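Q: What follows is a structure written as structure tokens; I'll ask about it next.
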Amino acid sequence: MSSFTPLLSPAKFNPGSSPVKGKWRSWSTPICRSVLSKTLCGLLNKLATRNFDAIANRIAQLTWSIELSEDRDALEAFVRAVFHRGATEETRQVIYALLCQRVVDVLEAERSRWRKVDILHIGNPFRSFETMISLLAIDEFNRTLAANTPGELEGLMRFLGELLVHGVLVSNDVGDLLASLIDGVRHNDEHLAVVLCRFLSPITSAFNALHILGTLHVADLIKQVLKEDGLSPKVRYLMMGILERAAYPTPRDVFGSTHKRVEVYGIALDEYYDDEDGDDLDADLFSERADAEDNEWMQRDCEDWAKSYFLHHDQQHLGDIMHSLKIEHRRQLMRCLISTALYTNDITQARHIGSLYTIPRIYELCFNGQLFVDSLREELAILQDVRLDVPNASQLMAQILYSTTLDGSTLKVIVDDSMPSQTVMAGIVNNEIKRLGKQCVGTHATEEVRFNRFERTSSSSSSESCGCIC
């Protein structure tokens with residue numbers, strides 16, 4: 001026993017334990033739910049490709065401490081928080097699936113270490129992370145299907161497909177869900193046909209596609225559906241596409257492009273990448289899974305551009321970048337700028353980001369400011385979570401909104417519509433905007449100046465003196 005490496009320290013990883021160094025706490029000690037929620041939310045907010053290993057390991061260790069406590073309610077709340085993020089944030093589903101995979105790997109390693117000292121140790125299978133994930137998948141599917149929310153169901157099923165690819169779920173976990181989708185498609189439900197495509201999209205491009213598709217009997221099920229009479233042209237077209245991809249899956253190239261492969265191995269798969277006219281077919285090969293991972297790379301680029309802007313405040317360069325981006329990527333960049341401004345916890349940076357709305361070129365590239373407003377709405381929706389890491393987030397967001405020079409009634413509509421279930425937080429932001437307006441009025445700035453976005457009058461000097469963009 002002297003050579004055995006100690007297990008994870010309860011005092012270090014148990015959210016309910018005392019911070020006093022060396023003080024022992026039993027695993028059966030109840031976990032503080034509020035501390036657990038804040039800790040997990042803060043870690044998930046920080047999770048990104050660059051810091052994945054560090055953050056994922058901390059979350060995995062936290063999961064292990066909760067599982068040892070056998071607090072089923074705490075474990076369910078923990079899993080539900082991670083699962084909800086993965087199901088709703090479609091551009092980050094791959095990274096959340098990888099996070100769940102890392103958690104399962106760490107838990108298996110820790111259970112193996114327990115069995116070294118207790119060969120009969122099996123833990124409680126009904127209070128494990130994997131069991132909670134599989135049960136939650138069924139519950140969320142039934143709830144979403146009954147609620148008839150198309151977008152939510154598509155995101156949920158795609159995330160379940162990612163979990164299946166990464167080994168977090170097994171075929172038996174999703175067999176009943178697949179049967180429900182197939183039954184709906186048999187009854188000519190076009191929406192469920194699209195959901196089925198979303199579910200199978202990450203699977204058909206995975207390295208283990210043949211194994212998963214075979215255990216789910218996807219090809220046989222689709223053939224039975226195609227025998228049905230009265231299918232609409234859309235349903236039949238989608239099912240034929242699924243059948244072809246199930247029969248001939250195309251695992252995603254790990255390099256992501258011809259250029260990377262040639263650089264490393266000097267091999268170009270012309271039969272996959274070039275058609276008769278010599279056109280590049282990367283987009284057709286990688287499908288939606290490649291798009292999801294491309295969004296991860298774009299997010300990293302947006303973070304770099306945001307940091308560069310905060311260092312130099314070069315609006316001309318920012319405009320050139322936005323001009324070169326697609327519409328959806330412009331919105332992603334604007335959201336990244338707003339998010340970075342909040343996490344810098346600097347009121348001056350927040351004021352600069354809000355003032356971008358008044359720059360004619362940025363305003364036009366954002367389709368008369370619509371993309372900017374949409375980005376503000378998305379950040380307002382998660383403002384309550386951001387406050388866990390940045391206590392002054394509500395004041396910073398109010399400064400960004402006020403600096404756009406939109407009138408007070410428009411700002412109130414944006415805030416209230418973006419935070420329908422967070423009335424208290426919405427009230428805080430609205431009150432802060434009113435306070436900024438009164439402060440600006442006190443320095444002789446008028447409402448007429450706020451309506452004029454692009455002209456600067458003699459009152460601009462007074463606005464600079466009060467620290468507001470009027």
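We label chains A, B, ... in the order they appear in the structure tokens, count residues from 1 in each chain, and number ligands from 1 in the order shown.
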Mind checking which residues fall within 12 Å of A:Leu337, counting only C-alpha atoms, ignoring those fewer than 6 positions away in the same chain, and posting them as number ranges by chain?
A: A: 299, 301-310, 313, 318, 330-331, 343-344, 349-354, 356, 372, 375-376, 379, 400
Q: Tell me which protein, DNA and RNA residues are within 12 Å of A:Lys234, counting only C-alpha atoms, leaving out same-chain ones fewer than 3 positions away, and put them as a list of chain:residue names.
A: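 Selected residues are A:Val185, A:Asn188, A:Asp189, A:Glu190, A:His191, A:Leu192, A:Ala193, A:Val194, A:Gly230, A:Leu231, A:Tyr237, A:Leu238, A:Met239, A:Met240, A:Gly241.
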Q: If you keep N, CA, C and O atoms, can you produce a file of those selected residues as a PDB file, in the first residue's frame?
A:
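Everything below was put into result_22.pdb:
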ATOM      1  N   VAL A 185     -40.888   9.744 -39.793  1.00  0.00           N
ATOM      2  CA  VAL A 185     -40.599   9.905 -41.219  1.00  0.00           C
ATOM      3  C   VAL A 185     -41.524   9.019 -42.041  1.00  0.00           C
ATOM      4  O   VAL A 185     -41.959   9.400 -43.131  1.00  0.00           O
ATOM      5  N   ASN A 188     -44.506  10.626 -43.088  1.00  0.00           N
ATOM      6  CA  ASN A 188     -44.300  11.768 -43.982  1.00  0.00           C
ATOM      7  C   ASN A 188     -44.068  13.077 -43.221  1.00  0.00           C
ATOM      8  O   ASN A 188     -44.496  14.145 -43.660  1.00  0.00           O
ATOM      9  N   ASP A 189     -43.358  13.012 -42.085  1.00  0.00           N
ATOM     10  CA  ASP A 189     -43.024  14.212 -41.309  1.00  0.00           C
ATOM     11  C   ASP A 189     -41.709  14.776 -41.842  1.00  0.00           C
ATOM     12  O   ASP A 189     -40.630  14.228 -41.590  1.00  0.00           O
ATOM     13  N   GLU A 190     -41.791  15.872 -42.589  1.00  0.00           N
ATOM     14  CA  GLU A 190     -40.602  16.455 -43.214  1.00  0.00           C
ATOM     15  C   GLU A 190     -39.623  16.998 -42.177  1.00  0.00           C
ATOM     16  O   GLU A 190     -38.406  16.922 -42.360  1.00  0.00           O
ATOM     17  N   HIS A 191     -40.153  17.546 -41.098  1.00  0.00           N
ATOM     18  CA  HIS A 191     -39.271  18.085 -40.065  1.00  0.00           C
ATOM     19  C   HIS A 191     -38.425  16.986 -39.438  1.00  0.00           C
ATOM     20  O   HIS A 191     -37.210  17.133 -39.246  1.00  0.00           O
ATOM     21  N   LEU A 192     -39.026  15.843 -39.114  1.00  0.00           N
ATOM     22  CA  LEU A 192     -38.276  14.741 -38.524  1.00  0.00           C
ATOM     23  C   LEU A 192     -37.283  14.149 -39.525  1.00  0.00           C
ATOM     24  O   LEU A 192     -36.247  13.605 -39.120  1.00  0.00           O
ATOM     25  N   ALA A 193     -37.576  14.254 -40.807  1.00  0.00           N
ATOM     26  CA  ALA A 193     -36.610  13.814 -41.814  1.00  0.00           C
ATOM     27  C   ALA A 193     -35.360  14.684 -41.767  1.00  0.00           C
ATOM     28  O   ALA A 193     -34.222  14.183 -41.863  1.00  0.00           O
ATOM     29  N   VAL A 194     -35.542  15.997 -41.600  1.00  0.00           N
ATOM     30  CA  VAL A 194     -34.397  16.903 -41.466  1.00  0.00           C
ATOM     31  C   VAL A 194     -33.632  16.605 -40.177  1.00  0.00           C
ATOM     32  O   VAL A 194     -32.391  16.603 -40.151  1.00  0.00           O
ATOM     33  N   GLY A 230     -46.733   7.392 -50.709  1.00  0.00           N
ATOM     34  CA  GLY A 230     -47.213   8.703 -50.289  1.00  0.00           C
ATOM     35  C   GLY A 230     -46.173   9.592 -49.644  1.00  0.00           C
ATOM     36  O   GLY A 230     -46.517  10.628 -49.062  1.00  0.00           O
ATOM     37  N   LEU A 231     -44.886   9.228 -49.723  1.00  0.00           N
ATOM     38  CA  LEU A 231     -43.847  10.107 -49.182  1.00  0.00           C
ATOM     39  C   LEU A 231     -43.719  11.344 -50.055  1.00  0.00           C
ATOM     40  O   LEU A 231     -43.786  11.270 -51.284  1.00  0.00           O
ATOM     41  N   TYR A 237     -36.309  12.441 -51.070  1.00  0.00           N
ATOM     42  CA  TYR A 237     -34.977  12.916 -51.467  1.00  0.00           C
ATOM     43  C   TYR A 237     -34.006  12.841 -50.286  1.00  0.00           C
ATOM     44  O   TYR A 237     -32.862  12.381 -50.437  1.00  0.00           O
ATOM     45  N   LEU A 238     -34.455  13.267 -49.107  1.00  0.00           N
ATOM     46  CA  LEU A 238     -33.586  13.227 -47.934  1.00  0.00           C
ATOM     47  C   LEU A 238     -33.234  11.790 -47.554  1.00  0.00           C
ATOM     48  O   LEU A 238     -32.086  11.497 -47.198  1.00  0.00           O
ATOM     49  N   MET A 239     -34.196  10.891 -47.618  1.00  0.00           N
ATOM     50  CA  MET A 239     -33.942   9.499 -47.247  1.00  0.00           C
ATOM     51  C   MET A 239     -32.989   8.838 -48.244  1.00  0.00           C
ATOM     52  O   MET A 239     -32.130   8.033 -47.851  1.00  0.00           O
ATOM     53  N   MET A 240     -33.121   9.155 -49.515  1.00  0.00           N
ATOM     54  CA  MET A 240     -32.197   8.592 -50.507  1.00  0.00           C
ATOM     55  C   MET A 240     -30.776   9.108 -50.274  1.00  0.00           C
ATOM     56  O   MET A 240     -29.804   8.361 -50.433  1.00  0.00           O
ATOM     57  N   GLY A 241     -30.669  10.369 -49.878  1.00  0.00           N
ATOM     58  CA  GLY A 241     -29.355  10.911 -49.554  1.00  0.00           C
ATOM     59  C   GLY A 241     -28.738  10.226 -48.344  1.00  0.00           C
ATOM     60  O   GLY A 241     -27.538   9.906 -48.327  1.00  0.00           O
TER      61      GLY A 241
END
Q: Record the distance separating atom CA of A:Trp64 and atom CA of A:Val103, expressed in Å with one decimal.
A: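 These atoms are spaced 8.4 Å apart.
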Q: Sorted by chain and rising residue number, which residues of stretch 72-127 of chain A lie within 12 Å of stretch 202-206 of chain A, and what are their closest atom pairs and distances in Å to one decimal, counting only C-alpha atoms, as a tab-separated table?
A:
residue	atom	partner	partner_atom	distance
A:Gln93	CA	A:Pro202	CA	10.6
A:Val94	CA	A:Pro202	CA	9.5
A:Ala97	CA	A:Pro202	CA	11.4
Q: Set the distance at 12 Å and use only C-alpha atoms: which residues neighbour A:Asn431 once local chain neighbours fewer than 4 positions away are removed? I'd like the list as a list in words.
A: Ser394, Gln395, Met397, Ala398, Gln399, Tyr402, Gly408, Leu411, Lys412, Val415, Val424, Met425, Ala426, Gly427, Arg435, Leu436, Gly437 and Lys438 of chain A
Q: Restricting the output to all heavy atoms, write the selected residues as a tab-separated table (two decimals), in the first residue's frame.
A:
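This went into again35.tsv:
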chain	number	residue	atom	x	y	z
A	394	SER	N	-22.83	43.92	-16.02
A	394	SER	CA	-24.06	44.67	-16.34
A	394	SER	C	-23.74	46.14	-16.63
A	394	SER	O	-24.31	46.73	-17.55
A	394	SER	CB	-25.06	44.55	-15.20
A	394	SER	OG	-24.48	44.99	-13.97
A	395	GLN	N	-22.82	46.73	-15.85
A	395	GLN	CA	-22.43	48.13	-16.11
A	395	GLN	C	-21.70	48.26	-17.45
A	395	GLN	O	-21.90	49.22	-18.20
A	395	GLN	CB	-21.53	48.64	-14.97
A	395	GLN	CG	-22.26	48.88	-13.66
A	395	GLN	CD	-22.39	47.62	-12.82
A	395	GLN	OE1	-22.07	46.54	-13.28
A	395	GLN	NE2	-22.87	47.78	-11.60
A	397	MET	N	-22.00	46.25	-20.08
A	397	MET	CA	-22.96	46.06	-21.17
A	397	MET	C	-23.82	47.31	-21.36
A	397	MET	O	-24.13	47.70	-22.50
A	397	MET	CB	-23.84	44.84	-20.88
A	397	MET	CG	-24.88	44.56	-21.96
A	397	MET	SD	-24.18	44.29	-23.60
A	397	MET	CE	-23.58	42.60	-23.40
A	398	ALA	N	-24.20	47.93	-20.26
A	398	ALA	CA	-24.98	49.17	-20.36
A	398	ALA	C	-24.18	50.26	-21.06
A	398	ALA	O	-24.73	51.02	-21.87
A	398	ALA	CB	-25.39	49.63	-18.96
A	399	GLN	N	-22.87	50.31	-20.79
A	399	GLN	CA	-22.04	51.32	-21.45
A	399	GLN	C	-21.93	51.05	-22.95
A	399	GLN	O	-21.97	51.97	-23.76
A	399	GLN	CB	-20.64	51.31	-20.83
A	399	GLN	CG	-19.69	52.35	-21.41
A	399	GLN	CD	-20.16	53.77	-21.15
A	399	GLN	OE1	-20.16	54.25	-20.03
A	399	GLN	NE2	-20.57	54.46	-22.20
A	402	TYR	N	-25.30	52.08	-24.44
A	402	TYR	CA	-25.48	53.52	-24.44
A	402	TYR	C	-24.61	54.19	-25.49
A	402	TYR	O	-25.01	55.19	-26.11
A	402	TYR	CB	-25.16	54.08	-23.06
A	402	TYR	CG	-25.44	55.56	-22.93
A	402	TYR	CD1	-26.74	56.03	-22.77
A	402	TYR	CD2	-24.41	56.49	-23.00
A	402	TYR	CE1	-26.99	57.38	-22.67
A	402	TYR	CE2	-24.65	57.84	-22.89
A	402	TYR	CZ	-25.95	58.29	-22.73
A	402	TYR	OH	-26.19	59.63	-22.63
A	408	GLY	N	-33.29	55.81	-25.96
A	408	GLY	CA	-33.55	55.02	-24.77
A	408	GLY	C	-34.63	53.97	-24.94
A	408	GLY	O	-34.52	52.84	-24.44
A	411	LEU	N	-33.25	50.96	-26.85
A	411	LEU	CA	-32.36	50.16	-26.01
A	411	LEU	C	-33.15	49.32	-25.02
A	411	LEU	O	-32.80	48.17	-24.76
A	411	LEU	CB	-31.39	51.09	-25.25
A	411	LEU	CG	-30.37	51.86	-26.11
A	411	LEU	CD1	-29.52	52.76	-25.24
A	411	LEU	CD2	-29.48	50.88	-26.88
A	412	LYS	N	-34.21	49.89	-24.47
A	412	LYS	CA	-35.03	49.13	-23.51
A	412	LYS	C	-35.69	47.93	-24.18
A	412	LYS	O	-35.77	46.84	-23.60
A	412	LYS	CB	-36.09	50.03	-22.90
A	412	LYS	CG	-36.86	49.38	-21.74
A	412	LYS	CD	-37.84	50.35	-21.12
A	412	LYS	CE	-38.48	49.76	-19.87
A	412	LYS	NZ	-39.10	48.45	-20.10
A	415	VAL	N	-33.03	45.19	-24.65
A	415	VAL	CA	-32.70	44.53	-23.39
A	415	VAL	C	-33.83	43.61	-22.94
A	415	VAL	O	-33.60	42.44	-22.58
A	415	VAL	CB	-32.38	45.57	-22.30
A	415	VAL	CG1	-32.20	44.90	-20.94
A	415	VAL	CG2	-31.13	46.36	-22.66
A	424	VAL	N	-34.90	40.69	-13.47
A	424	VAL	CA	-34.08	41.44	-12.51
A	424	VAL	C	-32.83	41.98	-13.19
A	424	VAL	O	-32.48	43.16	-13.06
A	424	VAL	CB	-33.70	40.55	-11.31
A	424	VAL	CG1	-32.76	41.30	-10.37
A	424	VAL	CG2	-34.95	40.10	-10.56
A	425	MET	N	-32.16	41.11	-13.95
A	425	MET	CA	-30.96	41.54	-14.65
A	425	MET	C	-31.27	42.59	-15.71
A	425	MET	O	-30.54	43.56	-15.89
A	425	MET	CB	-30.29	40.32	-15.30
A	425	MET	CG	-29.00	40.63	-16.05
A	425	MET	SD	-27.71	41.29	-14.98
A	425	MET	CE	-27.46	39.89	-13.90
A	426	ALA	N	-32.40	42.41	-16.41
A	426	ALA	CA	-32.80	43.41	-17.40
A	426	ALA	C	-33.05	44.76	-16.75
A	426	ALA	O	-32.69	45.81	-17.29
A	426	ALA	CB	-34.05	42.93	-18.15
A	427	GLY	N	-33.66	44.75	-15.57
A	427	GLY	CA	-33.90	45.99	-14.85
A	427	GLY	C	-32.61	46.67	-14.44
A	427	GLY	O	-32.50	47.91	-14.51
A	435	ARG	N	-29.02	55.88	-15.92
A	435	ARG	CA	-28.06	56.65	-15.13
A	435	ARG	C	-27.03	57.32	-16.03
A	435	ARG	O	-26.67	58.49	-15.83
A	435	ARG	CB	-27.35	55.72	-14.15
A	435	ARG	CG	-26.41	56.44	-13.17
A	435	ARG	CD	-25.59	55.47	-12.37
A	435	ARG	NE	-24.65	54.76	-13.21
A	435	ARG	CZ	-23.48	55.28	-13.62
A	435	ARG	NH1	-23.15	56.52	-13.29
A	435	ARG	NH2	-22.67	54.57	-14.37
A	436	LEU	N	-26.58	56.58	-17.06
A	436	LEU	CA	-25.62	57.17	-18.00
A	436	LEU	C	-26.25	58.32	-18.77
A	436	LEU	O	-25.59	59.33	-19.05
A	436	LEU	CB	-25.13	56.09	-18.98
A	436	LEU	CG	-24.25	54.99	-18.39
A	436	LEU	CD1	-24.01	53.89	-19.43
A	436	LEU	CD2	-22.93	55.55	-17.90
A	437	GLY	N	-27.55	58.17	-19.11
A	437	GLY	CA	-28.23	59.26	-19.81
A	437	GLY	C	-28.35	60.50	-18.96
A	437	GLY	O	-28.13	61.62	-19.44
A	438	LYS	N	-28.67	60.35	-17.68
A	438	LYS	CA	-28.78	61.50	-16.78
A	438	LYS	C	-27.42	62.15	-16.58
A	438	LYS	O	-27.30	63.38	-16.51
A	438	LYS	CB	-29.35	61.06	-15.44
A	438	LYS	CG	-30.81	60.63	-15.51
A	438	LYS	CD	-31.30	60.17	-14.15
A	438	LYS	CE	-32.77	59.72	-14.22
A	438	LYS	NZ	-33.25	59.23	-12.90
Q: Need to verify the contact set: stretch 170-181 of chain A, 8 Å, only C-alpha atoms, exclusion of same-chain residues closer than 2 positions in sequence. Can you return it as a compact mmCIF listing (two decimals) with N, CA, C and O atoms, in the first residue's frame?
A:
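What ended up in around36.txt:
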# COMPACT_ATOMS: atom_id res chain seq x y z
N SER A 134 -27.08 9.37 -20.70
CA SER A 134 -28.01 8.57 -21.52
C SER A 134 -29.46 8.81 -21.11
O SER A 134 -30.34 8.92 -21.97
N ILE A 138 -32.65 10.87 -23.39
CA ILE A 138 -34.02 10.40 -23.63
C ILE A 138 -35.04 11.42 -23.14
O ILE A 138 -36.02 11.73 -23.84
N PHE A 141 -35.08 14.48 -25.43
CA PHE A 141 -35.70 14.15 -26.72
C PHE A 141 -37.22 14.14 -26.61
O PHE A 141 -37.92 14.75 -27.44
N LEU A 164 -22.22 10.10 -29.76
CA LEU A 164 -22.13 8.72 -30.23
C LEU A 164 -20.79 8.49 -30.93
O LEU A 164 -20.14 7.45 -30.74
N GLY A 167 -17.92 8.16 -28.43
CA GLY A 167 -17.97 7.04 -27.50
C GLY A 167 -18.59 7.34 -26.16
O GLY A 167 -18.55 6.49 -25.27
N VAL A 168 -19.18 8.52 -25.99
CA VAL A 168 -19.84 8.85 -24.73
C VAL A 168 -21.16 8.09 -24.61
O VAL A 168 -21.52 7.59 -23.55
N ASP A 183 -40.18 6.34 -37.31
CA ASP A 183 -41.63 6.21 -37.33
C ASP A 183 -42.29 7.50 -37.80
O ASP A 183 -43.26 7.48 -38.56
N GLY A 184 -41.76 8.65 -37.36
CA GLY A 184 -42.30 9.92 -37.81
C GLY A 184 -42.07 10.15 -39.30
O GLY A 184 -42.94 10.68 -40.00
N VAL A 185 -40.89 9.74 -39.79
CA VAL A 185 -40.60 9.90 -41.22
C VAL A 185 -41.52 9.02 -42.04
O VAL A 185 -41.96 9.40 -43.13
N LEU A 192 -39.03 15.84 -39.11
CA LEU A 192 -38.28 14.74 -38.52
C LEU A 192 -37.28 14.15 -39.53
O LEU A 192 -36.25 13.61 -39.12
N ALA A 193 -37.58 14.25 -40.81
CA ALA A 193 -36.61 13.81 -41.81
C ALA A 193 -35.36 14.68 -41.77
O ALA A 193 -34.22 14.18 -41.86
N VAL A 195 -34.37 16.35 -39.08
CA VAL A 195 -33.72 16.03 -37.80
C VAL A 195 -32.89 14.75 -37.94
O VAL A 195 -31.77 14.67 -37.40
N LEU A 196 -33.40 13.77 -38.65
CA LEU A 196 -32.66 12.53 -38.85
C LEU A 196 -31.37 12.78 -39.63
O LEU A 196 -30.31 12.19 -39.31
N ILE A 212 -20.81 2.20 -36.30
CA ILE A 212 -22.00 2.81 -35.71
C ILE A 212 -23.22 2.59 -36.59
O ILE A 212 -24.30 2.19 -36.13
N THR A 215 -24.40 -1.07 -36.33
CA THR A 215 -25.09 -1.44 -35.09
C THR A 215 -26.47 -0.79 -34.99
O THR A 215 -27.37 -1.34 -34.35
N LEU A 216 -26.64 0.37 -35.63
CA LEU A 216 -27.95 1.03 -35.63
C LEU A 216 -28.86 0.53 -36.75
O LEU A 216 -30.05 0.88 -36.78
